[in-house]
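Peer 1: Next comes input-v1.pdb, PDB, C-alpha atoms:
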```pdb
ATOM      1  CA  MET A 588      49.043  11.602  13.692
ATOM      2  CA  LYS A 589      47.547  12.453  10.318
ATOM      3  CA  LYS A 590      48.610   9.055   8.960
ATOM      4  CA  LEU A 591      46.975   7.287  11.903
ATOM      5  CA  PHE A 592      43.765   9.231  11.345
ATOM      6  CA  LEU A 593      43.653   8.342   7.635
ATOM      7  CA  LYS A 594      44.296   4.665   8.389
ATOM      8  CA  THR A 595      41.540   4.658  10.996
ATOM      9  CA  VAL A 596      39.081   6.184   8.529
ATOM     10  CA  LEU A 597      40.114   3.728   5.803
ATOM     11  CA  TYR A 598      39.769   0.689   8.096
ATOM     12  CA  ALA A 599      36.389   1.938   9.337
ATOM     13  CA  ILE A 600      35.131   2.240   5.758
ATOM     14  CA  LEU A 601      36.435  -1.227   4.882
ATOM     15  CA  ILE A 602      34.785  -2.733   7.975
ATOM     16  CA  LEU A 603      31.458  -1.097   7.086
ATOM     17  CA  ILE A 604      31.691  -2.407   3.522
ATOM     18  CA  ALA A 605      32.486  -5.896   4.815
ATOM     19  CA  LEU A 606      29.520  -5.782   7.201
ATOM     20  CA  GLU A 607      27.237  -4.577   4.393
ATOM     21  CA  VAL A 608      28.350  -7.540   2.262
ATOM     22  CA  ILE A 609      27.767  -9.997   5.143
ATOM     23  CA  VAL A 610      24.270  -8.618   5.804
ATOM     24  CA  ARG A 611      23.386  -8.931   2.113
ATOM     25  CA  VAL A 612      24.888 -12.386   1.571
ATOM     26  CA  PHE A 613      23.167 -13.917   4.621
ATOM     27  CA  HIS A 614      19.907 -11.940   4.211
ATOM     28  CA  LEU A 615      20.080 -10.562   7.745
ATOM     29  CA  ALA A 616      18.050  -7.459   6.878
ATOM     30  CA  LYS A 617      14.507  -7.518   5.612
ATOM     31  CA  ASP A 618      13.591  -6.314   2.146
ATOM     32  CA  ASN A 619      11.234  -3.363   2.101
ATOM     33  CA  PRO A 620       8.739  -3.417  -0.763
ATOM     34  CA  SER A 621       7.607  -0.048  -2.124
ATOM     35  CA  ARG A 622       4.078   1.174  -1.536
ATOM     36  CA  PHE A 623       1.826   3.525  -3.457
ATOM     37  CA  ILE A 624      -1.701   4.949  -3.609
ATOM     38  CA  ASP A 625      -3.694   3.822  -6.627
ATOM     39  CA  LYS A 626      -6.239   5.801  -8.641
ATOM     40  CA  HIS A 627      -8.987   4.811  -6.178
ATOM     41  CA  LYS A 628      -6.964   6.222  -3.235
ATOM     42  CA  VAL A 629      -6.296   2.719  -1.946
ATOM     43  CA  GLU A 630      -2.895   2.299  -0.316
ATOM     44  CA  LYS A 631      -1.152  -0.935  -1.295
ATOM     45  CA  TRP A 632       2.181  -2.412  -2.367
ATOM     46  CA  VAL A 633       3.637  -1.747  -5.803
ATOM     47  CA  PRO A 634       2.813  -4.873  -7.876
ATOM     48  CA  ASN A 635       5.299  -7.554  -8.948
ATOM     49  CA  GLN A 636       7.811  -7.210  -6.111
ATOM     50  CA  GLU A 637       9.423 -10.046  -4.212
ATOM     51  CA  GLY A 638      11.902 -10.386  -1.393
ATOM     52  CA  TYR A 639      12.418 -11.684   2.125
ATOM     53  CA  SER A 640      10.925 -10.580   5.416
ATOM     54  CA  VAL A 641      13.316 -10.996   8.353
ATOM     55  CA  THR A 642      12.643 -10.668  12.081
ATOM     56  CA  GLY A 643      15.272 -10.794  14.833
ATOM     57  CA  ASN A 644      19.041 -10.329  14.856
ATOM     58  CA  ARG A 645      19.741 -13.954  13.880
ATOM     59  CA  ARG A 646      16.998 -14.499  11.314
ATOM     60  CA  GLN A 647      14.620 -15.981  13.899
ATOM     61  CA  ASN A 648      11.926 -15.611  11.258
ATOM     62  CA  PHE A 649      12.795 -15.691   7.560
ATOM     63  CA  SER A 650      10.095 -15.850   4.919
ATOM     64  CA  LYS A 651       9.601 -14.939   1.296
ATOM     65  CA  PHE A 652       6.952 -12.529   0.072
ATOM     66  CA  TYR A 653       5.567 -11.900  -3.406
ATOM     67  CA  ILE A 654       3.380  -8.929  -4.318
ATOM     68  CA  ASN A 655       0.896  -9.880  -7.031
ATOM     69  CA  LYS A 656      -0.607  -7.691  -9.761
ATOM     70  CA  SER A 657      -3.295  -6.431  -7.358
ATOM     71  CA  GLY A 658      -0.670  -5.116  -4.920
ATOM     72  CA  TYR A 659      -0.972  -7.724  -2.161
ATOM     73  CA  ASN A 660       1.220 -10.523  -0.823
ATOM     74  CA  SER A 661      -0.170 -13.677  -2.441
ATOM     75  CA  TYR A 662       0.803 -16.767  -4.406
ATOM     76  CA  ARG A 663      -2.177 -16.299  -6.742
ATOM     77  CA  GLU A 664      -3.723 -13.496  -8.775
ATOM     78  CA  PHE A 665      -7.199 -12.208  -7.903
ATOM     79  CA  VAL A 666      -9.539 -13.108 -10.758
ATOM     80  CA  PRO A 667     -13.000 -13.780  -9.306
ATOM     81  CA  THR A 668     -15.887 -14.954 -11.475
ATOM     82  CA  LYS A 669     -19.517 -15.782 -10.870
ATOM     83  CA  GLU A 670     -18.824 -19.418 -11.744
ATOM     84  CA  LYS A 671     -16.040 -20.058  -9.185
ATOM     85  CA  LYS A 672     -16.171 -20.059  -5.388
ATOM     86  CA  GLU A 673     -13.914 -17.496  -3.715
ATOM     87  CA  ILE A 674     -13.081 -16.108  -0.293
ATOM     88  CA  ALA A 675     -11.505 -12.690   0.284
ATOM     89  CA  LEU A 676      -9.499 -12.196   3.478
ATOM     90  CA  VAL A 677      -9.242  -8.464   4.212
ATOM     91  CA  GLY A 678      -7.149  -7.127   7.067
ATOM     92  CA  ASP A 679      -3.852  -5.892   8.452
ATOM     93  CA  SER A 680      -0.407  -7.502   8.836
ATOM     94  CA  PHE A 681      -1.927 -10.717  10.254
ATOM     95  CA  ILE A 682      -3.669 -11.283   6.912
ATOM     96  CA  GLU A 683      -0.794  -9.800   4.922
ATOM     97  CA  GLY A 684       1.346 -12.686   6.114
ATOM     98  CA  PHE A 685       4.905 -11.389   5.737
ATOM     99  CA  HIS A 686       5.799 -13.697   8.653
ATOM    100  CA  GLN A 687       5.134 -16.811   6.558
ATOM    101  CA  ASN A 688       6.296 -17.887   3.116
ATOM    102  CA  TYR A 689       3.704 -16.540   0.676
ATOM    103  CA  TYR A 690       3.121 -20.017  -0.768
ATOM    104  CA  ASN A 691       2.223 -21.375   2.686
ATOM    105  CA  SER A 692      -0.178 -18.612   3.701
ATOM    106  CA  ILE A 693      -3.530 -18.732   5.482
ATOM    107  CA  GLY A 694      -5.209 -18.602   2.079
ATOM    108  CA  LYS A 695      -3.300 -21.644   0.862
ATOM    109  CA  LYS A 696      -4.132 -23.514   4.066
ATOM    110  CA  ILE A 697      -7.840 -22.766   3.568
ATOM    111  CA  GLU A 698      -7.699 -23.994  -0.017
ATOM    112  CA  ASN A 699      -6.157 -27.242   1.224
ATOM    113  CA  ARG A 700      -9.208 -27.723   3.455
ATOM    114  CA  VAL A 701     -12.014 -26.641   1.122
ATOM    115  CA  ALA A 702     -12.083 -28.270  -2.304
ATOM    116  CA  GLY A 703     -12.567 -26.060  -5.350
ATOM    117  CA  ILE A 704     -12.238 -22.706  -3.594
ATOM    118  CA  GLU A 705      -9.865 -19.785  -4.262
ATOM    119  CA  VAL A 706      -8.704 -17.472  -1.474
ATOM    120  CA  TYR A 707      -7.675 -13.877  -2.121
ATOM    121  CA  GLU A 708      -5.614 -12.233   0.633
ATOM    122  CA  TYR A 709      -6.102  -8.456   0.735
ATOM    123  CA  GLY A 710      -3.734  -7.891   3.652
ATOM    124  CA  TYR A 711      -1.766  -4.696   4.276
ATOM    125  CA  ALA A 712       0.001  -3.701   7.496
ATOM    126  CA  GLY A 713      -1.937  -0.939   9.231
ATOM    127  CA  TYR A 714      -5.294  -1.462   7.543
ATOM    128  CA  ASP A 715      -8.182  -0.598   9.869
ATOM    129  CA  LEU A 716     -11.899  -0.976   9.183
ATOM    130  CA  ALA A 717     -11.989   2.315   7.250
ATOM    131  CA  ASP A 718      -9.217   1.051   4.948
ATOM    132  CA  GLN A 719     -10.966  -2.278   4.496
ATOM    133  CA  LEU A 720     -14.419  -0.929   3.667
ATOM    134  CA  HIS A 721     -12.957   1.746   1.389
ATOM    135  CA  LEU A 722     -11.046  -0.972  -0.485
ATOM    136  CA  ILE A 723     -14.188  -3.088  -0.915
ATOM    137  CA  SER A 724     -16.163  -0.065  -2.091
ATOM    138  CA  ALA A 725     -13.429   1.082  -4.495
ATOM    139  CA  TYR A 726     -13.309  -2.378  -6.081
ATOM    140  CA  LYS A 727     -17.012  -3.114  -5.756
ATOM    141  CA  GLU A 728     -17.232  -4.841  -9.127
ATOM    142  CA  THR A 729     -14.523  -7.294  -8.059
ATOM    143  CA  PHE A 730     -15.869  -7.943  -4.555
ATOM    144  CA  ASP A 731     -19.420  -8.435  -5.820
ATOM    145  CA  LYS A 732     -18.192 -11.618  -7.524
ATOM    146  CA  ILE A 733     -16.576 -13.004  -4.342
ATOM    147  CA  ASP A 734     -18.733 -15.426  -2.336
ATOM    148  CA  TYR A 735     -17.349 -14.804   1.171
ATOM    149  CA  VAL A 736     -15.503 -11.799   2.606
ATOM    150  CA  VAL A 737     -13.731 -12.168   5.971
ATOM    151  CA  LEU A 738     -12.695  -8.901   7.636
ATOM    152  CA  GLY A 739     -10.134  -8.954  10.432
ATOM    153  CA  LEU A 740     -11.254  -6.676  13.259
ATOM    154  CA  LYS A 741      -9.499  -5.649  16.469
ATOM    155  CA  PHE A 742     -11.771  -3.310  18.401
ATOM    156  CA  GLU A 743      -9.082  -1.190  20.102
ATOM    157  CA  ASN A 744      -7.105  -0.598  16.883
ATOM    158  CA  ASP A 745      -9.488  -0.634  13.953
ATOM    159  CA  LEU A 746     -12.270   1.769  14.937
ATOM    160  CA  LEU A 747     -10.287   4.910  15.740
ATOM    161  CA  ARG A 748     -11.857   6.869  12.869
ATOM    162  CA  GLY A 749     -15.286   7.110  11.336
ATOM    163  CA  GLU A 750     -14.254   8.095   7.820
ATOM    164  CA  TYR A 751     -11.534   7.117   5.372
ATOM    165  CA  GLN A 752      -8.530   9.249   4.519
ATOM    166  CA  VAL A 753      -5.109   8.277   3.210
ATOM    167  CA  VAL A 754      -2.720   7.816   6.168
ATOM    168  CA  GLN A 755       0.146  10.145   5.254
ATOM    169  CA  ASP A 756       2.304   8.833   8.128
ATOM    170  CA  ARG A 757       2.693   5.563   6.238
ATOM    171  CA  MET A 758       3.373   7.251   2.915
ATOM    172  CA  HIS A 759       6.374   9.230   4.251
ATOM    173  CA  LEU A 760       8.235   5.916   3.987
ATOM    174  CA  GLU A 761       8.264   6.462   0.229
ATOM    175  CA  SER A 762      10.168   9.748   0.367
ATOM    176  CA  PRO A 763      13.287   9.725  -1.887
ATOM    177  CA  LEU A 764      15.653  10.128   1.085
ATOM    178  CA  TYR A 765      14.075   7.297   3.060
ATOM    179  CA  LYS A 766      14.069   4.991   0.019
ATOM    180  CA  LYS A 767      17.765   5.681  -0.541
ATOM    181  CA  ALA A 768      18.521   4.927   3.108
ATOM    182  CA  ARG A 769      16.682   1.586   2.839
ATOM    183  CA  GLU A 770      19.093   0.504   0.131
ATOM    184  CA  ILE A 771      21.842   0.356   2.776
ATOM    185  CA  LYS A 772      21.102  -3.077   4.224
ATOM    186  CA  LEU A 773      23.467  -2.607   7.175
ATOM    187  CA  LEU A 774      21.493   0.463   8.213
ATOM    188  CA  VAL A 775      18.195  -1.424   7.892
ATOM    189  CA  TYR A 776      19.581  -4.334   9.914
ATOM    190  CA  THR A 777      20.937  -2.213  12.778
ATOM    191  CA  GLN A 778      17.683  -0.280  12.945
ATOM    192  CA  ASN A 779      15.563  -3.443  13.026
ATOM    193  CA  ILE A 780      17.499  -5.010  15.911
ATOM    194  CA  GLY A 781      17.439  -1.794  17.956
ATOM    195  CA  VAL A 782      21.110  -0.813  17.746
ATOM    196  CA  LEU A 783      20.242   2.716  16.605
ATOM    197  CA  GLU A 784      17.522   3.323  19.194
ATOM    198  CA  PRO A 785      19.902   4.663  21.911
ATOM    199  CA  LEU A 786      21.383   7.055  19.340
ATOM    200  CA  TRP A 787      17.937   8.419  18.431
ATOM    201  CA  LYS A 788      17.138   8.883  22.124
ATOM    202  CA  LEU A 789      20.449  10.662  22.680
ATOM    203  CA  ALA A 790      19.775  12.931  19.702
ATOM    204  CA  GLY A 791      16.364  13.755  21.141
ATOM    205  CA  LYS A 792      17.851  14.618  24.532
ATOM    206  CA  LEU A 793      20.490  16.839  22.932
ATOM    207  CA  ALA A 794      17.853  18.598  20.856
ATOM    208  CA  SER A 795      15.792  19.346  23.966
ATOM    209  CA  PHE A 796      18.809  20.287  26.107
ATOM    210  CA  GLY A 797      18.209  23.539  27.997
ATOM    211  CA  LYS A 798      14.491  23.554  27.272
ATOM    212  CA  LYS A 799      12.128  23.420  30.189
ATOM    213  CA  GLN A 800       9.821  20.463  29.957
ATOM    214  CA  LYS A 801       6.339  20.818  31.336
ATOM    215  CA  LEU A 802       5.364  18.059  33.708
ATOM    216  CA  VAL A 803       1.958  16.823  32.692
ATOM    217  CA  PRO A 804       0.200  14.952  35.488
ATOM    218  CA  GLU A 805      -0.802  11.441  34.526
ATOM    219  CA  LYS A 806      -4.530  11.192  34.012
ATOM    220  CA  VAL A 807      -6.388   8.524  35.923
ATOM    221  CA  ILE A 808      -8.499   6.479  33.521
ATOM    222  CA  THR A 809     -11.932   5.712  34.954
ATOM    223  CA  GLU A 810     -14.553   3.172  33.943
ATOM    224  CA  GLU A 811     -16.599   6.064  32.563
ATOM    225  CA  ASP A 812     -13.681   7.133  30.367
ATOM    226  CA  ILE A 813     -13.291   3.613  28.977
ATOM    227  CA  GLU A 814     -17.004   3.271  28.255
ATOM    228  CA  ALA A 815     -17.059   6.699  26.556
ATOM    229  CA  LYS A 816     -14.144   5.647  24.349
ATOM    230  CA  HIS A 817     -15.864   2.391  23.449
ATOM    231  CA  ARG A 818     -19.055   4.241  22.541
ATOM    232  CA  THR A 819     -17.014   6.532  20.286
ATOM    233  CA  TYR A 820     -15.547   3.475  18.542
ATOM    234  CA  ILE A 821     -19.033   2.028  18.044
ATOM    235  CA  LYS A 822     -20.158   5.386  16.652
ATOM    236  CA  ASN A 823     -17.240   5.218  14.195
ATOM    237  CA  PHE A 824     -18.288   1.680  13.260
ATOM    238  CA  LYS A 825     -21.839   2.841  12.528
ATOM    239  CA  SER A 826     -20.542   5.759  10.477
ATOM    240  CA  LEU A 827     -18.410   3.491   8.282
ATOM    241  CA  ILE A 828     -21.209   0.966   7.791
ATOM    242  CA  ASP A 829     -23.672   3.734   6.881
ATOM    243  CA  LYS A 830     -21.269   5.172   4.310
ATOM    244  CA  TYR A 831     -19.993   2.012   2.645
ATOM    245  CA  GLY A 832     -22.740  -0.505   3.373
ATOM    246  CA  TYR A 833     -22.206  -4.055   4.565
ATOM    247  CA  ASP A 834     -23.482  -7.305   3.063
ATOM    248  CA  LYS A 835     -24.491  -9.322   6.124
ATOM    249  CA  GLU A 836     -25.033 -12.439   4.048
ATOM    250  CA  ARG A 837     -21.542 -12.614   2.536
ATOM    251  CA  PHE A 838     -19.416 -10.645   5.034
ATOM    252  CA  VAL A 839     -18.162 -11.888   8.394
ATOM    253  CA  PHE A 840     -15.760 -10.460  10.966
ATOM    254  CA  LEU A 841     -12.788 -12.380  12.351
ATOM    255  CA  LEU A 842     -12.210 -11.235  15.931
ATOM    256  CA  ASP A 843     -11.129 -12.218  19.433
ATOM    257  CA  THR A 844     -14.057 -11.993  21.877
ATOM    258  CA  LYS A 845     -11.683 -11.905  24.857
ATOM    259  CA  ILE A 846     -10.373  -8.457  23.892
ATOM    260  CA  THR A 847     -13.631  -7.181  22.392
ATOM    261  CA  PRO A 848     -15.893  -5.244  24.799
ATOM    262  CA  LYS A 849     -19.247  -6.808  25.604
ATOM    263  CA  LEU A 850     -20.898  -3.537  24.591
ATOM    264  CA  PHE A 851     -19.705  -4.009  21.010
ATOM    265  CA  LEU A 852     -20.433  -7.745  20.923
ATOM    266  CA  ASP A 853     -23.998  -7.030  22.077
ATOM    267  CA  TYR A 854     -24.319  -4.452  19.294
ATOM    268  CA  LEU A 855     -23.142  -6.997  16.705
ATOM    269  CA  HIS A 856     -25.614  -9.585  17.998
ATOM    270  CA  SER A 857     -28.581  -7.228  18.086
ATOM    271  CA  ASN A 858     -27.867  -5.999  14.547
ATOM    272  CA  ASN A 859     -27.177  -9.428  13.011
ATOM    273  CA  PHE A 860     -23.499  -8.951  12.221
ATOM    274  CA  LYS A 861     -21.839 -12.362  12.002
ATOM    275  CA  TYR A 862     -18.355 -13.028  13.356
ATOM    276  CA  ILE A 863     -15.862 -15.859  13.732
ATOM    277  CA  ASP A 864     -14.427 -16.019  17.243
ATOM    278  CA  MET A 865     -10.760 -17.013  17.264
ATOM    279  CA  TYR A 866     -10.196 -16.650  21.012
ATOM    280  CA  LYS A 867     -10.857 -20.181  22.258
ATOM    281  CA  PRO A 868      -9.035 -22.137  19.497
ATOM    282  CA  LEU A 869      -5.928 -19.941  19.755
ATOM    283  CA  ASN A 870      -5.789 -19.897  23.555
ATOM    284  CA  THR A 871      -6.618 -23.519  24.293
ATOM    285  CA  SER A 872      -3.989 -24.897  21.925
ATOM    286  CA  LYS A 873      -1.264 -26.924  23.641
ATOM    287  CA  SER A 874       1.320 -25.550  21.221
ATOM    288  CA  PRO A 875       2.284 -21.850  20.915
ATOM    289  CA  THR A 876       0.260 -19.973  18.291
ATOM    290  CA  THR A 877       2.407 -16.833  17.984
ATOM    291  CA  LEU A 878       6.042 -16.121  17.244
ATOM    292  CA  ILE A 879       8.272 -15.846  20.325
ATOM    293  CA  TYR A 880       9.759 -12.478  19.366
ATOM    294  CA  ASP A 881       6.666 -11.156  17.577
ATOM    295  CA  ARG A 882       2.975 -11.397  18.451
ATOM    296  CA  HIS A 883       1.942 -12.387  14.922
ATOM    297  CA  TRP A 884       0.659 -15.908  14.356
ATOM    298  CA  ASN A 885       3.206 -18.641  13.746
ATOM    299  CA  ASN A 886       2.545 -21.523  11.361
ATOM    300  CA  HIS A 887       0.457 -23.387  13.952
ATOM    301  CA  GLY A 888      -1.596 -20.273  14.681
ATOM    302  CA  ARG A 889      -2.237 -19.817  10.978
ATOM    303  CA  GLU A 890      -3.348 -23.438  10.707
ATOM    304  CA  ILE A 891      -5.939 -22.761  13.418
ATOM    305  CA  ILE A 892      -7.200 -19.579  11.727
ATOM    306  CA  ALA A 893      -7.412 -21.380   8.381
ATOM    307  CA  GLU A 894      -9.402 -24.205   9.944
ATOM    308  CA  LEU A 895     -11.829 -21.754  11.585
ATOM    309  CA  ILE A 896     -12.523 -19.993   8.284
ATOM    310  CA  ALA A 897     -12.737 -23.265   6.362
ATOM    311  CA  ASP A 898     -15.267 -24.650   8.869
ATOM    312  CA  TYR A 899     -17.344 -21.473   8.590
ATOM    313  CA  VAL A 900     -17.434 -21.761   4.794
ATOM    314  CA  LYS A 901     -18.320 -25.474   4.920
ATOM    315  CA  GLN A 902     -21.304 -24.698   7.145
TER     316      GLN A 902
END
```
Would you encode the structure as structure tokens?
Peer 2:
Amino acid sequence: MKKLFLKTVLYAILILIALEVIVRVFHLAKDNPSRFIDKHKVEKWVPNQEGYSVTGNRRQNFSKFYINKSGYNSYREFVPTKEKKEIALVGDSFIEGFHQNYYNSIGKKIENRVAGIEVYEYGYAGYDLADQLHLISAYKETFDKIDYVVLGLKFENDLLRGEYQVVQDRMHLESPLYKKAREIKLLVYTQNIGVLEPLWKLAGKLASFGKKQKLVPEKVITEEDIEAKHRTYIKNFKSLIDKYGYDKERFVFLLDTKITPKLFLDYLHSNNFKYIDMYKPLNTSKSPTTLIYDRHWNNHGREIIAELIADYVKQ
């Protein structure tokens, strides 16, 4: 019996090692770049990293990323001057572009459409408007040299707070234990495809076993509740603009008017905030504009976004 047990353990270890090798050789698990907070309290990626971003259990999406000296995924360094023409794209994971090879990004597509222009992609997953405006303020000297600044804005996600603070929930991913765990590619792969999710749920149920759970009645959301929430978001918007300022001549929002409340759109109009509407081009396209297994833009969707921004700059 003891011999059988030892053989079972040995075979299990060998199988796990073999699976780890397979995952590494075929790049089935995504690489996780390290992040940090710089001296200006801006959260970004550690410079000069490269690797592959993978989505799906059969590499449905496989793309290379490269973190430049500024800490963002880009094929070029950010060196603006008064003599050159530049665009800065500032936003979350849609601008970050881990779902596309870094050398075929939205920025590169814009440069292909507008002669003599450089595009700097300040994209970082999770950035909201507070992150974006804090970044621009922290690097004011750099952004003052940039001719156009496009800020990605999703009303329901990006206006939840009216002041900037470092999001500690994102920084826990840099704990020594978590970083060590990420080095096991088999663990990263199984987590990404959802194999471990039932185990986490089971662990949660076992941890709460025997404890009485309070039944909280589901609250009915009224029109008044929704409007109150939207007014709070607009209040947060005003607070951020008052604190950091906003250059209405050079800055423009990139948003989807279909999912942006009329109340906020009216506020933008009445206060002369410019925006690029991506709703119609993305939703009238005959070809899909997002990835099947992920709601981020696919290559065609990125072509459309690049064309929208390029047309705005040409005007």
Peer 1: Show which residues sit within 9 Å of A:Asn779, as an mmCIF file with C-alpha atoms, in the coordinates of the input. Count all atoms listed in the file, and ignore same-chain residues fewer than 6 positions away.
Peer 2:
```
data_model
loop_
_atom_site.group_PDB
_atom_site.id
_atom_site.type_symbol
_atom_site.label_atom_id
_atom_site.label_comp_id
_atom_site.auth_asym_id
_atom_site.auth_seq_id
_atom_site.Cartn_x
_atom_site.Cartn_y
_atom_site.Cartn_z
ATOM 1 C CA ALA A 616 18.050 -7.459 6.878
ATOM 2 C CA LYS A 617 14.507 -7.518 5.612
ATOM 3 C CA THR A 642 12.643 -10.668 12.081
ATOM 4 C CA GLY A 643 15.272 -10.794 14.833
ATOM 5 C CA ASN A 644 19.041 -10.329 14.856
#
```
Peer 1: Tell me which protein, DNA and RNA residues are within 10 Å of A:Val775, counting all atoms listed in the file, leaving out same-chain ones fewer than 6 positions away, and put them as a list in words.
Peer 2: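 Returned residues: Val610, Leu615, Ala616, Lys617, Asp618, Asn619, Ala768, Arg769 and Leu783 of chain A.
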Peer 1: Would you mind exporting C-alpha atoms of the selected residues as a short mmCIF file (atom, residue, chain, number, x, y, z; two decimals), keeping the file's coordinate frame?
Peer 2:
```cif
data_model
loop_
_atom_site.label_atom_id
_atom_site.label_comp_id
_atom_site.auth_asym_id
_atom_site.auth_seq_id
_atom_site.Cartn_x
_atom_site.Cartn_y
_atom_site.Cartn_z
CA VAL A 610 24.27 -8.62 5.80
CA LEU A 615 20.08 -10.56 7.74
CA ALA A 616 18.05 -7.46 6.88
CA LYS A 617 14.51 -7.52 5.61
CA ASP A 618 13.59 -6.31 2.15
CA ASN A 619 11.23 -3.36 2.10
CA ALA A 768 18.52 4.93 3.11
CA ARG A 769 16.68 1.59 2.84
CA LEU A 783 20.24 2.72 16.60
#
```
Peer 1: Write out as a ChimeraX atom specification each polymer residue whose atoms come within 12 Å of A:Leu855, counting only C-alpha atoms; drop sequence neighbours fewer than 3 positions from it.
Peer 2: /A:821,824-825,835,839-840,842,844,847-852,858-863
Peer 1: Which residue gives the smallest distance to A:Tyr689 among A:Asp625, A:Tyr639, A:Thr668, A:Leu738, with all atoms listed in the file counted?
Peer 2: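 Looking at the shortest contact to A:Tyr689, the residue is A:Tyr639.
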Peer 1: With all atoms listed in the file as the basis for distance, which of A:His686, A:Phe665, A:Arg818, A:Leu716 is at the shortest distance from A:Lys741?
Peer 2: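 Closest to A:Lys741, using all atoms listed in the file: A:Leu716.
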Peer 1: Find the nearest atom pair between each residue of stretch 595-690 of chain A and stretch 867-887 of chain A for residues within 12 Å, count all atoms listed in the file, give distances in Å to one decimal, sort rows by chain and ascending number, and present the table as a tab-separated table.
Peer 2:
```
residue	atom	partner	partner_atom	distance
A:Val641	CA	A:Asp881	CA	11.4
A:Thr642	CA	A:Tyr880	CA	8.0
A:Gly643	CA	A:Tyr880	CA	7.3
A:Asn644	CA	A:Tyr880	CA	10.5
A:Arg645	CA	A:Tyr880	CA	11.5
A:Arg646	CA	A:Tyr880	CA	11.0
A:Gln647	CA	A:Tyr880	CA	8.1
A:Asn648	CA	A:Leu878	CA	8.4
A:Phe649	CA	A:Asn885	CA	11.8
A:Ser650	CA	A:Asn886	CA	11.4
A:Asp679	CA	A:His883	CA	10.8
A:Ser680	CA	A:His883	CA	8.1
A:Phe681	CA	A:His883	CA	6.3
A:Ile682	CA	A:Trp884	CA	9.8
A:Glu683	CA	A:His883	CA	10.7
A:Gly684	CA	A:His883	CA	8.8
A:Phe685	CA	A:His883	CA	9.7
A:His686	CA	A:His883	CA	7.5
A:Gln687	CA	A:Asn886	CA	7.2
A:Asn688	CA	A:Asn886	CA	9.8
A:Tyr689	CA	A:Asn886	CA	11.8
```
Peer 1: Of the residues A:Ile674, A:Val807, A:Ile733, A:Ile813, which is the one nearest to A:Ala897, using all atoms listed in the file?
Peer 2: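 Counting all atoms listed in the file, the residue closest to A:Ala897 is A:Ile674.
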Peer 1: Have a look at atom CA of A:Tyr726 and atom CA of A:Tyr709 and let me know their distance in Å, one decimal.
Peer 2: 11.6 Å
Peer 1: Could you name the residues that touch stretch 892-895 of chain A at 7 Å or less, counting all atoms listed in the file, but leaving out those on the same chain fewer than 3 positions away, as a PDB file with C-alpha atoms, in the frame of the given file?
Peer 2:
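Contents of the output file part21.pdb:
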```
ATOM      1  CA  ILE A 693      -3.530 -18.732   5.482  1.00  0.00           C
ATOM      2  CA  LYS A 696      -4.132 -23.514   4.066  1.00  0.00           C
ATOM      3  CA  ILE A 697      -7.840 -22.766   3.568  1.00  0.00           C
ATOM      4  CA  GLY A 888      -1.596 -20.273  14.681  1.00  0.00           C
ATOM      5  CA  ARG A 889      -2.237 -19.817  10.978  1.00  0.00           C
ATOM      6  CA  ASP A 898     -15.267 -24.650   8.869  1.00  0.00           C
ATOM      7  CA  TYR A 899     -17.344 -21.473   8.590  1.00  0.00           C
TER       8      TYR A 899
END
```
Peer 1: Rank nothing, just name the residue among A:Glu743, A:Glu673, A:Glu708, A:Glu607 nearest to A:Asp843, using all atoms listed in the file.
Peer 2: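 Going through A:Glu743, A:Glu673, A:Glu708, A:Glu607 one by one, the smallest distance to A:Asp843 is for A:Glu743.
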Peer 1: What would the selection look like, as a list in words, if the PyMOL selection byres ((chain A and resi 724) around 12) were run on the coordinates I just shared?
Peer 2: His627, Lys628, Val629, Ala717, Asp718, Gln719, Leu720, His721, Leu722, Ile723, Ala725, Tyr726, Lys727, Glu728, Thr729, Phe730, Asp731, Tyr751, Leu827, Ile828, Lys830, Tyr831, Gly832, Tyr833 and Asp834 of chain A
Peer 1: Complete stretch 826-833 of chain A at the level of N, CA and C atoms, written as a CSV table (one decimal), keeping the file's coordinate frame.
Peer 2:
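Output saved as selection-v7.csv:
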```
chain,number,residue,atom,x,y,z
A,826,SER,N,-20.8,4.8,11.5
A,826,SER,CA,-20.5,5.8,10.5
A,826,SER,C,-20.0,5.1,9.2
A,827,LEU,N,-19.0,4.2,9.4
A,827,LEU,CA,-18.4,3.5,8.3
A,827,LEU,C,-19.4,2.6,7.6
A,828,ILE,N,-20.2,1.9,8.4
A,828,ILE,CA,-21.2,1.0,7.8
A,828,ILE,C,-22.3,1.8,7.0
A,829,ASP,N,-22.7,2.9,7.6
A,829,ASP,CA,-23.7,3.7,6.9
A,829,ASP,C,-23.1,4.3,5.6
A,830,LYS,N,-21.8,4.6,5.5
A,830,LYS,CA,-21.3,5.2,4.3
A,830,LYS,C,-21.0,4.1,3.2
A,831,TYR,N,-20.4,3.0,3.6
A,831,TYR,CA,-20.0,2.0,2.6
A,831,TYR,C,-21.0,0.8,2.5
A,832,GLY,N,-21.9,0.7,3.4
A,832,GLY,CA,-22.7,-0.5,3.4
A,832,GLY,C,-22.0,-1.8,3.8
A,833,TYR,N,-22.8,-2.8,4.0
A,833,TYR,CA,-22.2,-4.1,4.6
A,833,TYR,C,-23.2,-5.2,4.2
```
